[in-house]
$ cat input-v5.txt   # compact mmCIF, C-alpha atoms and all ligand atoms
# COMPACT_ATOMS: atom_id res chain seq x y z
CA MET A 51 34.26 10.22 28.41
CA TYR A 52 34.61 13.63 30.03
CA LEU A 53 35.53 17.03 28.68
CA LEU A 54 38.55 18.72 30.19
CA PRO A 55 38.47 22.47 29.55
CA CYS A 56 41.64 24.21 28.41
CA SER A 57 42.50 27.86 29.00
CA CYS A 58 42.19 28.39 25.20
CA GLY A 59 38.53 27.48 25.33
CA ARG A 60 38.82 24.04 23.74
CA LYS A 61 37.51 20.97 25.51
CA ILE A 62 39.66 17.86 25.46
CA PRO A 63 37.87 14.53 25.70
CA VAL A 64 39.44 12.36 28.41
CA HIS A 65 38.73 8.87 29.70
CA LEU A 66 38.25 8.13 33.36
CA ARG A 67 41.36 5.93 33.25
CA GLN A 68 43.43 8.98 32.20
CA ALA A 69 42.98 10.51 35.67
CA GLY A 70 46.27 12.01 36.81
CA GLU A 71 47.87 11.86 33.33
CA ILE A 72 49.08 14.82 31.30
CA VAL A 73 47.20 15.51 28.08
CA LYS A 74 48.11 17.94 25.35
CA CYS A 75 45.57 20.36 23.90
CA GLU A 76 45.53 21.29 20.20
CA CYS A 77 46.83 24.71 21.22
CA GLY A 78 49.95 23.10 22.65
CA THR A 79 49.15 23.53 26.32
CA SER A 80 49.79 20.53 28.53
CA ILE A 81 47.07 20.01 31.08
CA GLU A 82 47.01 17.63 33.98
CA VAL A 83 43.87 15.51 34.10
CA PRO A 84 42.43 15.70 37.64
CA THR A 85 42.01 12.73 39.94
CA LEU A 86 39.19 10.23 39.49
CA SER A 87 36.73 12.18 41.58
CA GLY A 88 37.83 15.36 39.81
CA VAL A 89 37.27 13.84 36.35
CA LYS A 90 33.79 12.71 37.38
CA LYS A 91 32.88 16.31 38.12
CA LEU A 92 33.72 17.35 34.53
CA GLU A 93 31.19 17.81 31.74
CA ARG A 94 30.27 14.46 30.21
CA LEU A 95 30.78 13.83 26.50
CA GLU A 96 28.15 11.06 26.33
CA ALA A 97 25.34 13.59 26.48
CA LEU A 98 26.53 15.01 23.16
CA VAL A 99 27.15 11.77 21.25
CA GLU A 100 24.07 9.87 22.42
CA PRO A 101 21.83 10.80 19.47
CA LYS A 102 24.55 9.63 17.07
CA ILE A 103 24.83 6.24 18.79
CA ALA A 104 21.06 5.84 18.64
CA GLN A 105 21.24 6.09 14.84
CA HIS A 106 23.47 3.05 14.67
CA HIS A 107 20.82 0.81 16.18
CA TRP A 108 19.17 -1.79 13.98
CA THR A 109 16.02 -0.07 12.77
CA LEU A 110 13.23 -0.76 10.29
CA GLY A 111 15.25 1.15 7.66
CA HIS A 112 18.30 -1.08 8.16
CA ALA A 113 16.12 -4.19 8.10
CA LEU A 114 14.53 -3.13 4.80
CA ILE A 115 17.91 -2.39 3.21
CA PHE A 116 19.27 -5.72 4.47
CA VAL A 117 16.29 -7.77 3.24
CA GLY A 118 16.22 -5.91 -0.09
CA GLY A 119 19.95 -6.43 -0.56
CA VAL A 120 19.74 -10.14 0.25
CA VAL A 121 16.84 -10.56 -2.20
CA VAL A 122 18.75 -8.77 -4.99
CA LEU A 123 21.94 -10.77 -4.34
CA PHE A 124 19.99 -14.03 -4.28
CA MET A 125 18.31 -13.13 -7.56
CA VAL A 126 21.70 -12.34 -9.13
CA GLY A 127 22.71 -15.90 -8.23
CA ILE A 128 19.50 -17.28 -9.76
CA GLY A 129 20.14 -15.09 -12.84
CA ILE A 130 23.62 -16.58 -13.29
CA TYR A 131 22.10 -20.06 -13.02
CA LEU A 132 19.37 -19.19 -15.56
CA TYR A 133 21.96 -17.79 -17.93
CA ILE A 134 24.13 -20.91 -17.70
CA SER A 135 21.27 -23.43 -17.89
CA GLY A 136 19.25 -21.39 -20.40
CA PRO A 137 18.32 -22.47 -23.93
CA ARG A 138 21.08 -22.52 -26.55
CA ASP A 139 20.34 -21.82 -30.18
CA PRO A 140 20.89 -25.17 -31.98
CA TYR A 141 22.61 -23.28 -34.82
CA ALA A 142 24.78 -21.14 -32.58
CA SER A 143 27.19 -24.07 -32.19
CA PHE A 144 28.25 -23.49 -35.79
CA THR A 145 30.67 -20.59 -35.82
CA PRO A 146 30.73 -18.35 -38.91
CA GLU A 147 34.31 -19.56 -39.56
CA GLN A 148 33.15 -23.19 -39.63
CA MET A 149 30.34 -22.31 -42.08
CA ILE A 150 32.67 -20.41 -44.39
CA GLN A 151 35.17 -23.26 -44.25
CA ALA A 152 32.45 -25.82 -45.00
CA ALA A 153 31.18 -23.78 -47.93
CA ALA A 154 34.66 -23.16 -49.33
CA THR A 155 35.64 -26.82 -49.39
CA ARG A 156 32.57 -27.80 -51.39
CA THR A 157 31.73 -27.19 -55.02
CA PRO A 158 28.14 -26.07 -55.75
CA ILE A 159 27.32 -29.57 -57.03
CA GLN A 160 28.69 -31.14 -53.86
CA SER A 161 26.66 -28.74 -51.75
CA LEU A 162 23.53 -29.63 -53.70
CA ARG A 163 24.19 -33.35 -53.26
CA LEU A 164 24.85 -32.90 -49.54
CA TRP A 165 21.66 -30.93 -49.19
CA GLN A 166 19.66 -33.62 -51.03
CA MET A 167 21.20 -36.30 -48.83
CA LEU A 168 20.44 -34.43 -45.64
CA GLU A 169 16.87 -33.92 -46.76
CA ARG A 170 16.45 -37.63 -47.47
CA SER A 171 17.97 -38.66 -44.16
CA GLY A 172 15.44 -36.48 -42.39
CA LEU A 173 17.94 -34.09 -40.85
CA GLU A 174 15.57 -31.24 -41.67
CA HIS A 175 12.99 -32.95 -39.52
CA HIS A 176 15.44 -33.27 -36.65
CA LYS A 177 16.46 -29.68 -37.06
CA ARG A 178 12.84 -28.57 -36.86
CA GLY A 179 12.35 -30.63 -33.71
CA ALA A 180 15.38 -28.98 -32.11
CA GLU A 181 14.11 -25.61 -33.22
CA ILE A 182 10.68 -26.16 -31.62
CA ALA A 183 12.29 -27.39 -28.39
CA PHE A 184 14.54 -24.33 -28.41
CA THR A 185 11.68 -21.84 -28.89
CA ASP A 186 9.59 -23.63 -26.24
CA MET A 187 12.46 -23.46 -23.77
CA GLN A 188 13.05 -19.83 -24.71
CA ALA A 189 9.41 -18.98 -23.94
CA GLN A 190 9.66 -20.80 -20.61
CA TYR A 191 12.89 -19.00 -19.68
CA ARG A 192 11.41 -15.67 -20.71
CA VAL A 193 8.80 -16.22 -17.97
CA TYR A 194 11.59 -17.07 -15.47
CA TRP A 195 13.48 -13.92 -16.40
CA TRP A 196 10.36 -11.79 -15.99
CA ILE A 197 9.74 -13.26 -12.52
CA LEU A 198 13.40 -12.68 -11.65
CA PHE A 199 13.31 -9.06 -12.79
CA MET A 200 10.12 -8.47 -10.81
CA VAL A 201 11.65 -9.92 -7.63
CA VAL A 202 14.80 -7.82 -8.19
CA GLY A 203 12.49 -4.81 -8.55
CA ILE A 204 10.76 -5.66 -5.27
CA GLY A 205 14.14 -6.10 -3.53
CA THR A 206 15.39 -2.78 -4.88
CA ALA A 207 12.15 -1.08 -3.82
CA LEU A 208 12.54 -2.53 -0.29
CA ALA A 209 16.13 -1.27 -0.04
CA ALA A 210 15.10 2.14 -1.41
CA ALA A 211 12.23 2.30 1.13
CA GLY A 212 14.73 1.46 3.87
CA MET A 213 17.00 4.31 2.77
CA ILE A 214 14.05 6.72 2.73
CA VAL A 215 13.02 5.59 6.23
CA LEU A 216 16.60 6.10 7.49
CA ASN A 217 16.82 9.54 5.88
CA LEU A 218 13.51 10.62 7.40
CA LYS A 219 14.70 9.39 10.79
CA LYS A 220 18.00 11.19 10.46
CA LYS A 221 16.18 14.44 9.66
CA LYS A 222 13.86 13.90 12.62
CA THR A 223 16.62 13.17 15.16
CA GLY A 224 18.71 16.00 13.72
CA GLY A 225 15.81 18.37 14.27
CA ALA A 226 15.22 17.04 17.77
CA ALA A 227 18.90 17.55 18.68
CA ARG A 228 18.78 21.14 17.45
CA ALA A 229 15.52 21.90 19.29
ZN ZN A 301 44.10 24.66 24.54

$ encode --input "input-v5.txt" --output "structure tokens"
Amino acid sequence: MYLLPCSCGRKIPVHLRQAGEIVKCECGTSIEVPTLSGVKKLERLEALVEPKIAQHHWTLGHALIFVGGVVVLFMVGIGIYLYISGPRDPYASFTPEQMIQAAATRTPIQSLRLWQMLERSGLEHHKRGAEIAFTDMQAQYRVYWWILFMVVGIGTALAAAGMIVLNLKKKKTGGAARA
């Protein structure tokens, strides 16, 4: 693009293909864009926007943010899987409503008899087995969650490092443009 100067002092950016056309300046003045060779003699806009374009290139900062973001997103997926497949409390399947209902429909004697029967049939033993399996699984999943949180931390740190790198670069190029 080229800059077409107006009598008001403004510079209107024009494309080479606009040669011969009439453009309107912000001040309201209509200016005729010169011929192709005339446009080519005008001040170029590219020289001014070049540093900006350079910032849009894929840099180390962008790569770090991308990798960090992918890692965090991937870990969110793993976290959802862990949450779904994770250990369930064997007693959590009994809702408080169910327990109240069960207690209300039984007399104390009935409850005692039921309890004695359950003890004889070895349900307590089964319950304990389920409990141990649950706590074992919980311990195992706690390790998984810790690993997951650590990886999320690493991913976040990578993305943060990428942002810092980009910011430093921006400051540097900004300073260079001013100098
Ligand atoms: Zn003007």

$ residues_near_ligand --input "input-v5.txt" --ligand "ligand ZN 301 (chain A)" --cutoff "8 Å" --atoms "only C-alpha atoms and all ligand atoms" --output "PyMOL selection string"
chain A and resi 55-61+74-79

$ closest_residue --input "input-v5.txt" --among "A:Asp139, A:Arg94, A:Ala113, A:Val122" --to "A:Ile204" --atoms "all atoms listed in the file"
A:Val122

$ residues_around --input "input-v5.txt" --residues "A:Gly118" --least-positions-apart "4" --cutoff "7 Å" --atoms "all atoms listed in the file" --output "list in words"
Leu114, Val122, Gly205, Thr206, Leu208 and Ala209 of chain A

$ write_last_selection --input "input-v5.txt" --atoms "C-alpha atoms" --output "PDB file, keeping the file's coordinate frame"
ATOM      1  CA  LEU A 114      14.530  -3.130   4.800  1.00  0.00           C
ATOM      2  CA  VAL A 122      18.750  -8.770  -4.990  1.00  0.00           C
ATOM      3  CA  GLY A 205      14.140  -6.100  -3.530  1.00  0.00           C
ATOM      4  CA  THR A 206      15.390  -2.780  -4.880  1.00  0.00           C
ATOM      5  CA  LEU A 208      12.540  -2.530  -0.290  1.00  0.00           C
ATOM      6  CA  ALA A 209      16.130  -1.270  -0.040  1.00  0.00           C
TER       7      ALA A 209
END

$ atom_distance --input "input-v5.txt" --atom1 "atom CA of A:Ala180" --atom2 "atom CA of A:Ile128"
25.6 Å

$ residues_around --input "input-v5.txt" --residues "A:Phe124" --least-positions-apart "4" --cutoff "12 Å" --atoms "only C-alpha atoms" --output "MDAnalysis selection string"
chainID A and resid 117:120 128:131 198:199 201:202 205

$ atom_distance --input "input-v5.txt" --atom1 "atom CA of A:Met51" --atom2 "atom CA of A:Ile81"
16.3 Å

$ closest_residue --input "input-v5.txt" --among "A:Ala207, A:Leu218, A:Leu132, A:Leu162" --to "A:Gln190" --atoms "only C-alpha atoms"
A:Leu132

$ build_atoms --input "input-v5.txt" --residues "stretch 197-220 of chain A" --atoms "N, CA and C atoms" --output "PDB file, in the coordinates of the input"
ATOM      1  N   ILE A 197       9.946 -13.091 -13.966  1.00  0.00           N
ATOM      2  CA  ILE A 197       9.740 -13.260 -12.520  1.00  0.00           C
ATOM      3  C   ILE A 197      10.968 -12.730 -11.777  1.00  0.00           C
ATOM      4  N   LEU A 198      12.148 -13.103 -12.287  1.00  0.00           N
ATOM      5  CA  LEU A 198      13.400 -12.680 -11.650  1.00  0.00           C
ATOM      6  C   LEU A 198      13.510 -11.157 -11.602  1.00  0.00           C
ATOM      7  N   PHE A 199      13.213 -10.525 -12.746  1.00  0.00           N
ATOM      8  CA  PHE A 199      13.310  -9.060 -12.790  1.00  0.00           C
ATOM      9  C   PHE A 199      12.309  -8.417 -11.830  1.00  0.00           C
ATOM     10  N   MET A 200      11.132  -9.008 -11.722  1.00  0.00           N
ATOM     11  CA  MET A 200      10.120  -8.470 -10.810  1.00  0.00           C
ATOM     12  C   MET A 200      10.592  -8.564  -9.367  1.00  0.00           C
ATOM     13  N   VAL A 201      11.163  -9.739  -9.014  1.00  0.00           N
ATOM     14  CA  VAL A 201      11.650  -9.920  -7.630  1.00  0.00           C
ATOM     15  C   VAL A 201      12.810  -8.964  -7.358  1.00  0.00           C
ATOM     16  N   VAL A 202      13.692  -8.775  -8.346  1.00  0.00           N
ATOM     17  CA  VAL A 202      14.800  -7.820  -8.190  1.00  0.00           C
ATOM     18  C   VAL A 202      14.224  -6.416  -7.962  1.00  0.00           C
ATOM     19  N   GLY A 203      13.163  -6.104  -8.713  1.00  0.00           N
ATOM     20  CA  GLY A 203      12.490  -4.810  -8.550  1.00  0.00           C
ATOM     21  C   GLY A 203      11.946  -4.637  -7.148  1.00  0.00           C
ATOM     22  N   ILE A 204      11.324  -5.703  -6.628  1.00  0.00           N
ATOM     23  CA  ILE A 204      10.760  -5.660  -5.270  1.00  0.00           C
ATOM     24  C   ILE A 204      11.897  -5.458  -4.252  1.00  0.00           C
ATOM     25  N   GLY A 205      12.989  -6.220  -4.434  1.00  0.00           N
ATOM     26  CA  GLY A 205      14.140  -6.100  -3.530  1.00  0.00           C
ATOM     27  C   GLY A 205      14.730  -4.698  -3.543  1.00  0.00           C
ATOM     28  N   THR A 206      14.853  -4.138  -4.741  1.00  0.00           N
ATOM     29  CA  THR A 206      15.390  -2.780  -4.880  1.00  0.00           C
ATOM     30  C   THR A 206      14.458  -1.771  -4.221  1.00  0.00           C
ATOM     31  N   ALA A 207      13.144  -1.986  -4.421  1.00  0.00           N
ATOM     32  CA  ALA A 207      12.150  -1.080  -3.820  1.00  0.00           C
ATOM     33  C   ALA A 207      12.246  -1.147  -2.288  1.00  0.00           C
ATOM     34  N   LEU A 208      12.423  -2.360  -1.744  1.00  0.00           N
ATOM     35  CA  LEU A 208      12.540  -2.530  -0.290  1.00  0.00           C
ATOM     36  C   LEU A 208      13.760  -1.763   0.234  1.00  0.00           C
ATOM     37  N   ALA A 209      14.898  -1.946  -0.457  1.00  0.00           N
ATOM     38  CA  ALA A 209      16.130  -1.270  -0.040  1.00  0.00           C
ATOM     39  C   ALA A 209      15.962   0.248  -0.127  1.00  0.00           C
ATOM     40  N   ALA A 210      15.329   0.697  -1.218  1.00  0.00           N
ATOM     41  CA  ALA A 210      15.100   2.140  -1.410  1.00  0.00           C
ATOM     42  C   ALA A 210      14.192   2.677  -0.297  1.00  0.00           C
ATOM     43  N   ALA A 211      13.133   1.907   0.043  1.00  0.00           N
ATOM     44  CA  ALA A 211      12.230   2.300   1.130  1.00  0.00           C
ATOM     45  C   ALA A 211      12.995   2.404   2.439  1.00  0.00           C
ATOM     46  N   GLY A 212      13.904   1.447   2.659  1.00  0.00           N
ATOM     47  CA  GLY A 212      14.730   1.460   3.870  1.00  0.00           C
ATOM     48  C   GLY A 212      15.577   2.715   3.956  1.00  0.00           C
ATOM     49  N   MET A 213      16.167   3.108   2.798  1.00  0.00           N
ATOM     50  CA  MET A 213      17.000   4.310   2.770  1.00  0.00           C
ATOM     51  C   MET A 213      16.161   5.553   3.051  1.00  0.00           C
ATOM     52  N   ILE A 214      14.945   5.584   2.497  1.00  0.00           N
ATOM     53  CA  ILE A 214      14.050   6.720   2.730  1.00  0.00           C
ATOM     54  C   ILE A 214      13.701   6.802   4.214  1.00  0.00           C
ATOM     55  N   VAL A 215      13.367   5.637   4.804  1.00  0.00           N
ATOM     56  CA  VAL A 215      13.020   5.590   6.230  1.00  0.00           C
ATOM     57  C   VAL A 215      14.188   6.111   7.072  1.00  0.00           C
ATOM     58  N   LEU A 216      15.407   5.671   6.739  1.00  0.00           N
ATOM     59  CA  LEU A 216      16.600   6.100   7.490  1.00  0.00           C
ATOM     60  C   LEU A 216      16.813   7.602   7.363  1.00  0.00           C
ATOM     61  N   ASN A 217      16.638   8.110   6.129  1.00  0.00           N
ATOM     62  CA  ASN A 217      16.820   9.540   5.880  1.00  0.00           C
ATOM     63  C   ASN A 217      15.822  10.376   6.664  1.00  0.00           C
ATOM     64  N   LEU A 218      14.554   9.917   6.660  1.00  0.00           N
ATOM     65  CA  LEU A 218      13.510  10.620   7.400  1.00  0.00           C
ATOM     66  C   LEU A 218      13.856  10.648   8.883  1.00  0.00           C
ATOM     67  N   LYS A 219      14.354   9.505   9.378  1.00  0.00           N
ATOM     68  CA  LYS A 219      14.700   9.390  10.790  1.00  0.00           C
ATOM     69  C   LYS A 219      15.848  10.321  11.147  1.00  0.00           C
ATOM     70  N   LYS A 220      16.835  10.356  10.245  1.00  0.00           N
ATOM     71  CA  LYS A 220      18.000  11.190  10.460  1.00  0.00           C
ATOM     72  C   LYS A 220      17.570  12.666  10.584  1.00  0.00           C
TER      73      LYS A 220
END
